[in-house]
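**Q** The file below is coords-v9.tsv, TSV, C-alpha atoms and all ligand atoms:
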```tsv
chain	number	residue	atom	x	y	z
J	1	MET	CA	7.67	-9.93	38.47
J	2	GLN	CA	9.87	-12.68	37.06
J	3	LYS	CA	13.22	-11.36	35.81
J	4	HIS	CA	13.97	-12.24	32.20
J	5	LYS	CA	16.76	-12.33	29.69
J	6	ILE	CA	16.00	-9.71	27.08
J	7	GLY	CA	17.64	-8.93	23.74
J	8	VAL	CA	17.85	-5.46	22.23
J	9	ILE	CA	18.69	-5.08	18.53
J	10	GLY	CA	20.54	-1.83	17.84
J	11	GLY	CA	22.27	0.19	20.55
J	12	GLY	CA	21.62	3.64	19.04
J	13	LEU	CA	19.59	6.51	20.43
J	14	MET	CA	16.54	4.40	21.32
J	15	GLY	CA	18.21	1.01	21.87
J	16	HIS	CA	20.58	2.11	24.64
J	17	GLY	CA	17.74	3.81	26.54
J	18	ILE	CA	15.49	0.75	26.18
J	19	ALA	CA	18.36	-1.48	27.41
J	20	TYR	CA	18.87	0.83	30.39
J	21	LEU	CA	15.23	0.91	31.52
J	22	LEU	CA	14.90	-2.88	31.25
J	23	ALA	CA	18.13	-3.44	33.23
J	24	ALA	CA	16.93	-0.92	35.81
J	25	ALA	CA	13.84	-3.14	36.23
J	26	GLY	CA	16.11	-6.10	37.07
J	27	HIS	CA	16.31	-7.92	33.71
J	28	GLU	CA	19.52	-9.19	32.05
J	29	VAL	CA	19.87	-7.34	28.76
J	30	GLY	CA	22.02	-8.29	25.75
J	31	VAL	CA	22.41	-5.57	23.12
J	32	PHE	CA	23.41	-6.39	19.53
J	33	GLU	CA	25.12	-3.37	17.98
J	34	PRO	CA	27.04	-3.95	14.72
J	35	ASN	CA	28.79	-0.57	14.73
J	36	ALA	CA	32.12	-0.70	16.65
J	37	GLU	CA	32.09	3.01	17.55
J	38	LEU	CA	28.58	2.78	18.98
J	39	ARG	CA	29.53	-0.35	20.93
J	40	ALA	CA	32.53	1.49	22.35
J	41	SER	CA	30.39	4.49	23.38
J	42	MET	CA	27.75	2.37	25.15
J	43	PRO	CA	29.31	2.61	28.66
J	44	ARG	CA	29.61	6.40	28.38
J	45	ARG	CA	26.03	6.77	27.14
J	46	LEU	CA	24.63	4.41	29.80
J	47	ASN	CA	26.61	6.17	32.53
J	48	ALA	CA	25.14	9.50	31.44
J	49	ILE	CA	21.60	8.12	32.06
J	50	LEU	CA	22.73	6.67	35.39
J	51	GLU	CA	24.01	10.07	36.48
J	52	LEU	CA	20.90	11.86	35.27
J	53	LEU	CA	18.58	9.54	37.21
J	54	GLY	CA	20.83	8.92	40.21
J	55	ASP	CA	20.41	5.11	40.00
J	56	ASP	CA	22.62	2.40	41.52
J	57	ALA	CA	25.60	1.68	39.21
J	58	ALA	CA	25.17	-2.08	39.80
J	59	LEU	CA	22.35	-2.13	37.25
J	60	LEU	CA	24.83	-1.53	34.43
J	61	LYS	CA	26.35	-4.96	35.11
J	62	ARG	CA	23.12	-6.45	33.79
J	63	ILE	CA	23.75	-4.97	30.31
J	64	SER	CA	26.12	-6.68	27.87
J	65	THR	CA	26.90	-5.43	24.37
J	66	HIS	CA	27.64	-7.78	21.48
J	67	GLU	CA	29.13	-7.63	18.00
J	68	GLN	CA	27.02	-10.60	16.87
J	69	MET	CA	23.28	-11.12	17.19
J	70	ALA	CA	23.16	-14.67	18.60
J	71	PRO	CA	25.04	-14.08	21.89
J	72	ALA	CA	22.82	-11.08	22.69
J	73	LEU	CA	19.74	-13.26	22.47
J	74	GLN	CA	20.61	-16.34	24.51
J	75	ALA	CA	17.51	-17.62	26.35
J	76	ALA	CA	15.74	-14.34	25.62
J	77	ALA	CA	12.06	-14.17	26.59
J	78	PHE	CA	11.67	-10.83	24.77
J	79	VAL	CA	13.56	-9.08	21.99
J	80	PHE	CA	13.14	-5.34	21.33
J	81	GLU	CA	14.29	-4.25	17.87
J	82	ALA	CA	15.54	-0.67	17.59
J	83	ALA	CA	17.45	-0.79	14.28
J	84	PRO	CA	17.19	1.87	11.53
J	85	GLU	CA	13.75	2.64	10.11
J	86	LYS	CA	14.03	0.64	6.86
J	87	LEU	CA	11.51	-2.09	6.04
J	88	PRO	CA	13.85	-4.52	4.19
J	89	LEU	CA	16.41	-4.26	7.03
J	90	LYS	CA	13.80	-4.89	9.72
J	91	GLN	CA	12.42	-7.84	7.71
J	92	ARG	CA	15.92	-9.34	7.46
J	93	ILE	CA	16.49	-8.83	11.19
J	94	PHE	CA	13.20	-10.49	12.13
J	95	ALA	CA	13.89	-13.45	9.81
J	96	GLU	CA	17.25	-13.89	11.55
J	97	LEU	CA	15.63	-13.50	14.96
J	98	GLU	CA	13.17	-16.27	14.12
J	99	SER	CA	16.05	-18.59	13.34
J	100	LEU	CA	17.84	-17.78	16.62
J	101	VAL	CA	15.20	-17.63	19.38
J	102	ALA	CA	12.56	-19.99	20.78
J	103	ALA	CA	9.17	-20.11	19.02
J	104	ASP	CA	7.51	-18.31	21.92
J	105	THR	CA	10.06	-15.50	22.41
J	106	ILE	CA	8.15	-12.23	22.02
J	107	LEU	CA	9.56	-10.11	19.18
J	108	ALA	CA	8.83	-6.40	19.51
J	109	SER	CA	9.66	-3.61	17.05
J	110	ASN	CA	10.18	-0.01	18.10
J	111	SER	CA	9.41	1.21	14.59
J	112	SER	CA	7.87	4.71	14.51
J	113	ALA	CA	5.91	4.16	11.33
J	114	ILE	CA	6.45	0.75	9.73
J	115	PRO	CA	3.58	-1.65	10.53
J	116	THR	CA	4.71	-4.85	12.26
J	117	THR	CA	2.24	-6.58	9.90
J	118	GLU	CA	4.75	-5.79	7.12
J	119	ILE	CA	7.86	-6.55	9.17
J	120	GLY	CA	6.58	-10.01	10.10
J	121	ARG	CA	4.79	-10.85	6.84
J	122	GLU	CA	7.06	-13.77	5.85
J	123	LEU	CA	7.56	-15.25	9.33
J	124	LYS	CA	6.24	-18.52	10.71
J	125	HIS	CA	5.20	-17.52	14.23
J	126	ARG	CA	3.45	-14.22	13.67
J	127	GLU	CA	1.35	-14.28	16.84
J	128	ARG	CA	4.42	-13.21	18.90
J	129	ILE	CA	5.26	-10.13	16.85
J	130	VAL	CA	4.12	-6.87	18.40
J	131	GLY	CA	4.84	-3.16	18.07
J	132	THR	CA	6.29	-1.33	21.07
J	133	HIS	CA	6.55	2.33	20.21
J	134	PHE	CA	8.71	4.01	22.85
J	135	TRP	CA	9.08	7.80	22.84
J	136	ASN	CA	12.44	9.52	22.85
J	137	PRO	CA	14.20	9.38	25.29
J	138	PRO	CA	12.71	5.98	26.18
J	139	HIS	CA	14.15	5.95	29.71
J	140	LEU	CA	12.44	9.29	30.51
J	141	VAL	CA	9.14	9.41	28.62
J	142	PRO	CA	6.62	7.10	30.34
J	143	LEU	CA	4.41	6.18	27.36
J	144	VAL	CA	4.89	3.04	25.27
J	145	GLU	CA	2.28	2.25	22.62
J	146	VAL	CA	1.84	-1.53	22.38
J	147	ILE	CA	0.49	-2.18	18.92
J	148	GLN	CA	-1.43	-5.36	18.16
J	149	ASN	CA	-1.45	-6.32	14.49
J	150	GLU	CA	-4.03	-8.68	13.02
J	151	LYS	CA	-1.89	-11.72	13.92
J	152	THR	CA	-0.60	-10.69	17.37
J	153	SER	CA	-2.14	-12.81	20.14
J	154	ASP	CA	-3.88	-11.22	23.12
J	155	ALA	CA	-1.49	-13.15	25.40
J	156	VAL	CA	1.55	-11.51	23.74
J	157	VAL	CA	0.01	-8.05	24.13
J	158	GLY	CA	-0.75	-8.82	27.80
J	159	ALA	CA	2.75	-10.13	28.57
J	160	THR	CA	4.40	-7.16	26.84
J	161	MET	CA	2.25	-4.64	28.69
J	162	ALA	CA	2.94	-6.38	32.01
J	163	LEU	CA	6.72	-6.29	31.41
J	164	LEU	CA	6.62	-2.58	30.52
J	165	ARG	CA	4.34	-1.66	33.42
J	166	ASP	CA	6.67	-3.47	35.81
J	167	ALA	CA	9.57	-1.46	34.35
J	168	GLY	CA	7.78	1.76	35.35
J	169	LYS	CA	6.44	2.59	31.89
J	170	THR	CA	2.87	3.51	30.99
J	171	PRO	CA	1.94	1.05	28.24
J	172	VAL	CA	-1.25	1.58	26.22
J	173	HIS	CA	-2.92	-1.01	24.01
J	174	VAL	CA	-3.35	0.10	20.38
J	175	ARG	CA	-5.79	-2.43	18.97
J	176	ARG	CA	-5.05	-1.95	15.24
J	177	ASP	CA	-1.80	-1.47	13.37
J	178	VAL	CA	-2.74	1.93	11.86
J	179	PRO	CA	-0.10	4.34	10.46
J	180	GLY	CA	1.22	6.65	13.19
J	181	PHE	CA	-0.48	4.55	15.88
J	182	VAL	CA	-2.21	6.97	18.29
J	183	GLY	CA	0.44	9.36	19.59
J	184	ASN	CA	1.92	10.44	16.26
J	185	ARG	CA	-1.53	10.83	14.68
J	186	LEU	CA	-2.49	13.25	17.45
J	187	GLN	CA	0.84	15.05	17.35
J	188	HIS	CA	0.79	15.46	13.57
J	189	ALA	CA	-2.88	16.52	13.44
J	190	MET	CA	-1.79	19.46	15.60
J	191	LYS	CA	1.35	20.10	13.54
J	192	ARG	CA	-0.61	20.15	10.28
J	193	GLU	CA	-2.79	22.93	11.70
J	194	ALA	CA	0.27	24.76	13.07
J	195	PHE	CA	2.03	24.72	9.68
J	196	ALA	CA	-1.16	25.92	7.99
J	197	LEU	CA	-1.58	28.84	10.42
J	198	VAL	CA	2.02	29.98	9.92
J	199	ALA	CA	1.81	29.57	6.13
J	200	ALA	CA	-1.40	31.66	6.08
J	201	GLY	CA	0.31	34.44	8.07
J	202	VAL	CA	-2.03	34.13	11.07
J	203	CYS	CA	0.96	34.01	13.43
J	204	ASP	CA	4.65	33.10	13.46
J	205	ALA	CA	6.25	29.83	14.61
J	206	GLU	CA	7.27	31.23	18.00
J	207	THR	CA	3.66	32.25	18.69
J	208	ILE	CA	2.50	28.68	17.98
J	209	ASP	CA	4.97	27.41	20.59
J	210	THR	CA	3.88	30.04	23.12
J	211	VAL	CA	0.19	29.23	22.59
J	212	VAL	CA	0.81	25.51	23.16
J	213	LYS	CA	3.27	25.79	26.09
J	214	GLU	CA	1.49	28.61	27.93
J	215	GLY	CA	-2.04	27.63	26.92
J	216	PHE	CA	-3.60	24.17	26.67
J	217	GLY	CA	-0.13	22.54	26.95
J	218	ALA	CA	0.18	23.87	30.51
J	219	ARG	CA	-2.57	21.47	31.59
J	220	THR	CA	-2.10	18.61	29.10
J	221	ALA	CA	0.14	16.53	31.39
J	222	VAL	CA	-2.72	16.26	33.90
J	223	LEU	CA	-5.80	16.67	31.68
J	224	GLY	CA	-6.08	14.80	28.38
J	225	PRO	CA	-8.30	16.07	25.54
J	226	MET	CA	-11.04	13.52	26.20
J	227	GLU	CA	-11.14	14.39	29.91
J	228	GLN	CA	-11.13	18.07	28.97
J	229	SER	CA	-14.14	17.55	26.65
J	230	ASP	CA	-16.04	15.82	29.44
J	231	LEU	CA	-14.94	18.53	31.87
J	232	VAL	CA	-16.35	21.42	29.81
J	233	GLY	CA	-19.33	19.31	28.70
J	234	LEU	CA	-19.94	17.58	25.38
J	235	ASP	CA	-22.67	20.12	24.53
J	236	LEU	CA	-20.02	22.87	24.47
J	237	ALA	CA	-17.56	20.56	22.68
J	238	LEU	CA	-20.23	20.00	20.00
J	239	ASP	CA	-21.00	23.73	19.63
J	240	ILE	CA	-17.28	24.45	19.09
J	241	ALA	CA	-16.87	21.55	16.64
J	242	GLU	CA	-19.91	22.75	14.61
J	243	VAL	CA	-18.39	26.22	14.19
J	244	LEU	CA	-14.68	25.40	13.96
J	245	TYR	CA	-14.02	22.09	12.25
J	246	GLU	CA	-14.89	23.24	8.73
J	247	HIS	CA	-12.09	25.83	9.05
J	248	LEU	CA	-9.35	23.40	10.13
J	249	ASP	CA	-6.71	22.37	7.63
J	250	ARG	CA	-7.46	19.14	5.78
J	251	THR	CA	-4.61	19.08	3.23
J	252	ALA	CA	-3.95	15.43	2.43
J	253	ALA	CA	-0.23	15.91	1.77
J	254	ALA	CA	2.89	17.18	3.49
J	255	PRO	CA	2.71	21.00	3.82
J	256	GLN	CA	4.23	22.99	0.97
J	257	MET	CA	5.95	25.29	3.48
J	258	LEU	CA	7.79	22.27	4.90
J	259	ARG	CA	8.84	21.10	1.43
J	260	ASP	CA	10.12	24.59	0.59
J	261	LYS	CA	12.16	24.88	3.81
J	262	VAL	CA	13.76	21.47	3.32
J	263	LYS	CA	14.56	22.29	-0.33
J	264	ALA	CA	16.26	25.51	0.82
J	265	GLY	CA	18.38	23.58	3.37
J	266	LYS	CA	16.58	25.24	6.30
J	267	LEU	CA	16.36	22.08	8.42
J	268	GLY	CA	16.02	23.57	11.89
J	269	MET	CA	18.47	23.68	14.79
J	270	LYS	CA	21.13	21.66	12.96
J	271	THR	CA	21.43	24.28	10.19
J	272	GLY	CA	20.74	27.37	12.31
J	273	GLU	CA	17.40	28.04	10.62
J	274	GLY	CA	14.15	26.15	10.22
J	275	LEU	CA	10.77	27.52	11.23
J	276	ARG	CA	12.76	30.24	13.04
J	277	HIS	CA	16.40	31.37	13.37
J	278	TRP	CA	18.61	29.66	15.97
J	279	ARG	CA	21.50	31.73	17.29
J	280	PRO	CA	24.58	29.88	18.63
J	281	GLY	CA	23.81	28.37	22.04
J	282	GLU	CA	20.02	28.68	21.69
J	283	ALA	CA	19.52	25.15	20.38
J	284	ASP	CA	21.69	23.72	23.18
J	285	ALA	CA	19.64	25.65	25.72
J	286	VAL	CA	16.42	24.09	24.35
J	287	ARG	CA	17.94	20.58	24.54
J	288	ALA	CA	19.19	21.18	28.10
J	289	ARG	CA	15.79	22.55	29.16
J	290	LEU	CA	14.01	19.47	27.77
J	291	SER	CA	16.45	17.00	29.32
J	292	ARG	CA	16.27	18.72	32.74
J	293	PHE	CA	12.47	18.79	32.67
J	294	LEU	CA	12.10	15.12	31.66
J	295	ALA	CA	14.69	13.96	34.20
J	296	GLU	CA	12.95	15.92	37.02
J	297	GLN	CA	9.64	14.31	36.06
J	298	ALA	CA	11.21	10.83	35.94
J	299	ARG	CA	12.87	11.27	39.34
J	300	ALA	CA	9.60	12.55	40.84
J	301	ARG	CA	7.71	9.52	39.46
J	302	LYS	CA	10.34	7.18	40.93
J	303	LYS	CA	9.97	8.83	44.36
J	304	THR	CA	6.18	8.52	44.27
J	305	SER	CA	6.28	4.85	43.26
J	306	ALA	CA	9.02	3.95	45.83
H	401	LIG	N1	14.71	8.62	17.48
H	401	LIG	C1	13.44	8.70	17.88
H	401	LIG	O1	12.98	9.74	18.37
H	401	LIG	C2	12.57	7.48	17.80
H	401	LIG	C3	11.38	7.44	18.56
H	401	LIG	C4	10.58	6.29	18.51
H	401	LIG	C5	10.95	5.24	17.69
H	401	LIG	N2	12.10	5.31	16.93
H	401	LIG	C6	12.45	4.16	16.09
H	401	LIG	O2	13.46	3.40	16.76
H	401	LIG	C7	14.28	2.76	15.78
H	401	LIG	C8	15.72	3.14	16.04
H	401	LIG	O3	15.84	4.54	15.95
H	401	LIG	P1	17.06	5.34	16.59
H	401	LIG	O4	16.64	6.77	16.61
H	401	LIG	O5	17.52	4.68	17.83
H	401	LIG	O6	18.17	5.16	15.44
H	401	LIG	P2	19.76	5.11	15.62
H	401	LIG	O7	20.29	5.31	14.24
H	401	LIG	O8	20.22	6.01	16.70
H	401	LIG	O9	20.03	3.61	16.08
H	401	LIG	C9	19.93	2.51	15.23
H	401	LIG	C10	21.04	1.56	15.62
H	401	LIG	O10	20.89	0.34	14.88
H	401	LIG	C11	22.19	-0.07	14.49
H	401	LIG	N3	22.09	-0.96	13.33
H	401	LIG	C12	22.34	-0.69	12.02
H	401	LIG	N4	22.16	-1.81	11.30
H	401	LIG	C13	21.77	-2.77	12.15
H	401	LIG	C14	21.46	-4.15	11.99
H	401	LIG	N5	21.49	-4.73	10.80
H	401	LIG	N6	21.15	-4.86	13.09
H	401	LIG	C15	21.12	-4.28	14.30
H	401	LIG	N7	21.41	-2.99	14.51
H	401	LIG	C16	21.71	-2.24	13.44
H	401	LIG	C17	22.93	1.21	14.20
H	401	LIG	O11	24.35	0.99	14.24
H	401	LIG	C18	22.43	2.11	15.30
H	401	LIG	O12	23.21	2.04	16.47
H	401	LIG	C19	13.74	3.19	14.41
H	401	LIG	O13	12.85	2.23	13.94
H	401	LIG	C20	13.04	4.50	14.74
H	401	LIG	O14	12.01	4.80	13.81
H	401	LIG	C21	12.92	6.40	17.00
```
Rewrite the structure of this file - the entire thing - as structure tokens.
Ligand SMILES: NC(=O)c1ccc[n+]([C@@H]2O[C@H](COP(=O)([O-])OP(=O)(O)OC[C@H]3O[C@@H](n4cnc5c(N)ncnc54)[C@H](O)[C@@H]3O)[C@@H](O)[C@H]2O)c1
**A**
Amino acid sequence: MQKHKIGVIGGGLMGHGIAYLLAAAGHEVGVFEPNAELRASMPRRLNAILELLGDDAALLKRISTHEQMAPALQAAAFVFEAAPEKLPLKQRIFAELESLVAADTILASNSSAIPTTEIGRELKHRERIVGTHFWNPPHLVPLVEVIQNEKTSDAVVGATMALLRDAGKTPVHVRRDVPGFVGNRLQHAMKREAFALVAAGVCDAETIDTVVKEGFGARTAVLGPMEQSDLVGLDLALDIAEVLYEHLDRTAAAPQMLRDKVKAGKLGMKTGEGLRHWRPGEADAVRARLSRFLAEQARARKKTSA
């Protein structure tokens, strides 16, 4: 594939990983990061990914970090925005981008929840605005949802998916700009039920995690829910749906249990208590376990594709 110049807006948690994976694919990446401390920590953070994945250090030479937006975007064919999740800020950034790049530069937002329809509402060339929802950490999780809004052209979706596929990602085409796209809708449908079960005293939070990890989660990476329905047969899937679905939680609001925990300052690992207690060291062990698992998977994928 042709190697491009690519701009990344925001060098935070997502931006530095996105910059890394694009540079690893051979592109020249300019990152605009307004915060001096975060600019200064970029080399350390990029080196940590390099070490984790065992890549060639030469790829880091293809990443430059900038205090101003314009120099990060010179001759950019794509720009990936990974700035904070605030609509007015993203709208301002996209207006500035439009004044700085060519009319056909593809402008992608990594927003988790804000529709690109809203981000690009006031812009002139709306056909080149697309959602690219990476998952954290973007250099390790394969999926990227490529979200087409009502103005995004098919050609822009195609070019974005091709770029991401070439970079070793697994892009999927989301045909409408719906809240939560596909992945978060699925994830939160499950979480709503999990919160409801715990709130009703059916089981505790740890049991939910055990059921997922040791039960259907053990096969999810190789068998999606649609494949699983076809595997067991849609007649059985229908029988289960007829009996079960009326009992599933349908509360059309955030769970009260979640509101109560947040109000009480029980925010999870960062406060030592959330849905369960976290003793010192336990939260770090969970983070290390996740990072090790994702890195092993990423290295294995690289070996298979080499
Ligand atoms: N963290 C996640 O798990 C995750 C997953 C998927 C998508 N996202 C989305 O990615 C985006 C970035 O999230 P993050 O977690 O990397 O946040 P972050 O806070 O780690 O990074 C945002 C970066 O943008 C910089 N910034 C602030 N103002 C800016 C401006 N005016 N122009 C350019 N950069 C600016 C900040 O200094 C910071 O480095 C958000 O839209 C978020 O919803 C996050």
**Q** Distance limit 6 Å, reference ligand LIG 401 (chain H), atoms considered: all atoms listed in the file. Which residues make the cut? Give them as a PyMOL selection string.
**A** chain J and resi 9-15+33-35+38+82-85+110-112+133-136
**Q** Counting only C-alpha atoms, which residues of segment 70-125 of chain J sit at most 10 Å from some atom of segment 160-183 of chain J, and what is each one's closest atom pair with its distance in Å to one decimal, listed by chain and rising residue number, as JSON lines?
**A**
```
{"residue": "J:Phe78", "atom": "CA", "partner": "J:Thr160", "partner_atom": "CA", "distance": 8.4}
{"residue": "J:Ile106", "atom": "CA", "partner": "J:Thr160", "partner_atom": "CA", "distance": 7.9}
{"residue": "J:Leu107", "atom": "CA", "partner": "J:Thr160", "partner_atom": "CA", "distance": 9.7}
{"residue": "J:Ala108", "atom": "CA", "partner": "J:Thr160", "partner_atom": "CA", "distance": 8.6}
{"residue": "J:Ser111", "atom": "CA", "partner": "J:Gly180", "partner_atom": "CA", "distance": 9.9}
{"residue": "J:Ser112", "atom": "CA", "partner": "J:Gly180", "partner_atom": "CA", "distance": 7.1}
{"residue": "J:Ala113", "atom": "CA", "partner": "J:Gly180", "partner_atom": "CA", "distance": 5.6}
{"residue": "J:Ile114", "atom": "CA", "partner": "J:Pro179", "partner_atom": "CA", "distance": 7.5}
{"residue": "J:Pro115", "atom": "CA", "partner": "J:Asp177", "partner_atom": "CA", "distance": 6.1}
{"residue": "J:Thr116", "atom": "CA", "partner": "J:Asp177", "partner_atom": "CA", "distance": 7.4}
{"residue": "J:Thr117", "atom": "CA", "partner": "J:Asp177", "partner_atom": "CA", "distance": 7.4}
```
**Q** Let me see the file: selected residues, C-alpha atoms, as a short mmCIF file (atom, residue, chain, number, x, y, z; two decimals), in the coordinates of the input.
**A**
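Wrote selection_23.cif, looks like this:
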```
data_model
loop_
_atom_site.label_atom_id
_atom_site.label_comp_id
_atom_site.auth_asym_id
_atom_site.auth_seq_id
_atom_site.Cartn_x
_atom_site.Cartn_y
_atom_site.Cartn_z
CA PHE J 78 11.67 -10.83 24.77
CA ILE J 106 8.15 -12.23 22.02
CA LEU J 107 9.56 -10.11 19.18
CA ALA J 108 8.83 -6.40 19.51
CA SER J 111 9.41 1.21 14.59
CA SER J 112 7.87 4.71 14.51
CA ALA J 113 5.91 4.16 11.33
CA ILE J 114 6.45 0.75 9.73
CA PRO J 115 3.58 -1.65 10.53
CA THR J 116 4.71 -4.85 12.26
CA THR J 117 2.24 -6.58 9.90
#
```
**Q** What gap, in Å, lies between atom CA of Pro71 of chain J and atom CA of Pro137 of chain J?
**A**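 Separation of atom CA of Pro71 of chain J and atom CA of Pro137 of chain J: 26.1 Å.
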**Q** Which one is closest to Arg276 of chain J: J:Ser153, J:Ser305, J:Gln74, J:Thr207? Count only C-alpha atoms.
**A** J:Thr207
**Q** Taking all atoms listed in the file into account, which of J:Glu122, J:Asp249, J:Asp235, J:Asp284 comes nearest Ala196 of chain J?
**A**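 Using all atoms listed in the file, the shortest distance to Ala196 of chain J belongs to J:Asp249.
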**Q** Nearest to Ile147 of chain J among J:Pro88, J:Gly217, J:Gly131, J:Gly265, with distances taken over all atoms listed in the file: which residue is it?
**A**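 Smallest distance to Ile147 of chain J is found for J:Gly131.
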**Q** From the list J:Leu231, J:Ala283, J:Leu140, J:Ala200, which residue is nearest Gly268 of chain J when using only C-alpha atoms?
**A**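 The answer is J:Ala283, which sits nearest to Gly268 of chain J.
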**Q** Any idea what's packed within 10 Å of Arg301 of chain J, counting all atoms listed in the file, ignoring anything in its chain fewer than 5 positions away? Could you give it as a short mmCIF file (atom, residue, chain, number, x, y, z; two decimals) with C-alpha atoms, keeping the file's coordinate frame?
**A**
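File written: part-v2.cif
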```cif
data_model
loop_
_atom_site.label_atom_id
_atom_site.label_comp_id
_atom_site.auth_asym_id
_atom_site.auth_seq_id
_atom_site.Cartn_x
_atom_site.Cartn_y
_atom_site.Cartn_z
CA PRO J 142 6.62 7.10 30.34
CA GLY J 168 7.78 1.76 35.35
CA ALA J 295 14.69 13.96 34.20
CA GLU J 296 12.95 15.92 37.02
CA ALA J 306 9.02 3.95 45.83
#
```
**Q** Work out how far apart atom CA of Ala252 of chain J and atom CA of Asp204 of chain J are and give it in Å to one decimal.
**A**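 Here the two named atoms are 22.5 Å from each other.
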**Q** If you measure from atom CA of Val29 of chain J to atom CA of Val8 of chain J, what distance in Å do you get, rounded to one decimal?
**A** 7.1 Å
**Q** List as a PyMOL selection string the protein and nucleic acid residues near segment 209-213 of chain J, meaning an atom at most 12 Å away when only C-alpha atoms are counted, but skip any in the same chain fewer than 3 places from it.
**A** chain J and resi 187+190-191+194-195+198+203-206+216-221+275-276
**Q** Please dump the current selection as a CSV table (one decimal), in the coordinates of the input; keep C-alpha atoms.
**A**
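Output contents, as saved in out-v2.csv:
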```csv
chain,number,residue,atom,x,y,z
J,187,GLN,CA,0.8,15.0,17.4
J,190,MET,CA,-1.8,19.5,15.6
J,191,LYS,CA,1.4,20.1,13.5
J,194,ALA,CA,0.3,24.8,13.1
J,195,PHE,CA,2.0,24.7,9.7
J,198,VAL,CA,2.0,30.0,9.9
J,203,CYS,CA,1.0,34.0,13.4
J,204,ASP,CA,4.6,33.1,13.5
J,205,ALA,CA,6.2,29.8,14.6
J,206,GLU,CA,7.3,31.2,18.0
J,216,PHE,CA,-3.6,24.2,26.7
J,217,GLY,CA,-0.1,22.5,27.0
J,218,ALA,CA,0.2,23.9,30.5
J,219,ARG,CA,-2.6,21.5,31.6
J,220,THR,CA,-2.1,18.6,29.1
J,221,ALA,CA,0.1,16.5,31.4
J,275,LEU,CA,10.8,27.5,11.2
J,276,ARG,CA,12.8,30.2,13.0
```
**Q** Just checking: using all atoms listed in the file, which residue out of J:Leu59, J:Val202, J:Ala189, J:Ala19 ends up closest to Val79 of chain J?
**A**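 Of J:Leu59, J:Val202, J:Ala189, J:Ala19, the one nearest Val79 of chain J, counting all atoms listed in the file, is J:Ala19.
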**Q** Excluding Arg39 of chain J and its own-chain neighbours fewer than 6 positions away, which residues fall within 12 Å of it when counting all atoms listed in the file? Please give them as a list of chain:residue names.
**A**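 Within the cut-off, the hits are J:Gly10, J:Gly11, J:Gly12, J:Gly15, J:His16, J:Gly30, J:Val31, J:Phe32, J:Glu33, J:Arg45, J:Leu46, J:Ile63, J:Ser64, J:Thr65, J:His66, J:Glu67, J:Gln68.
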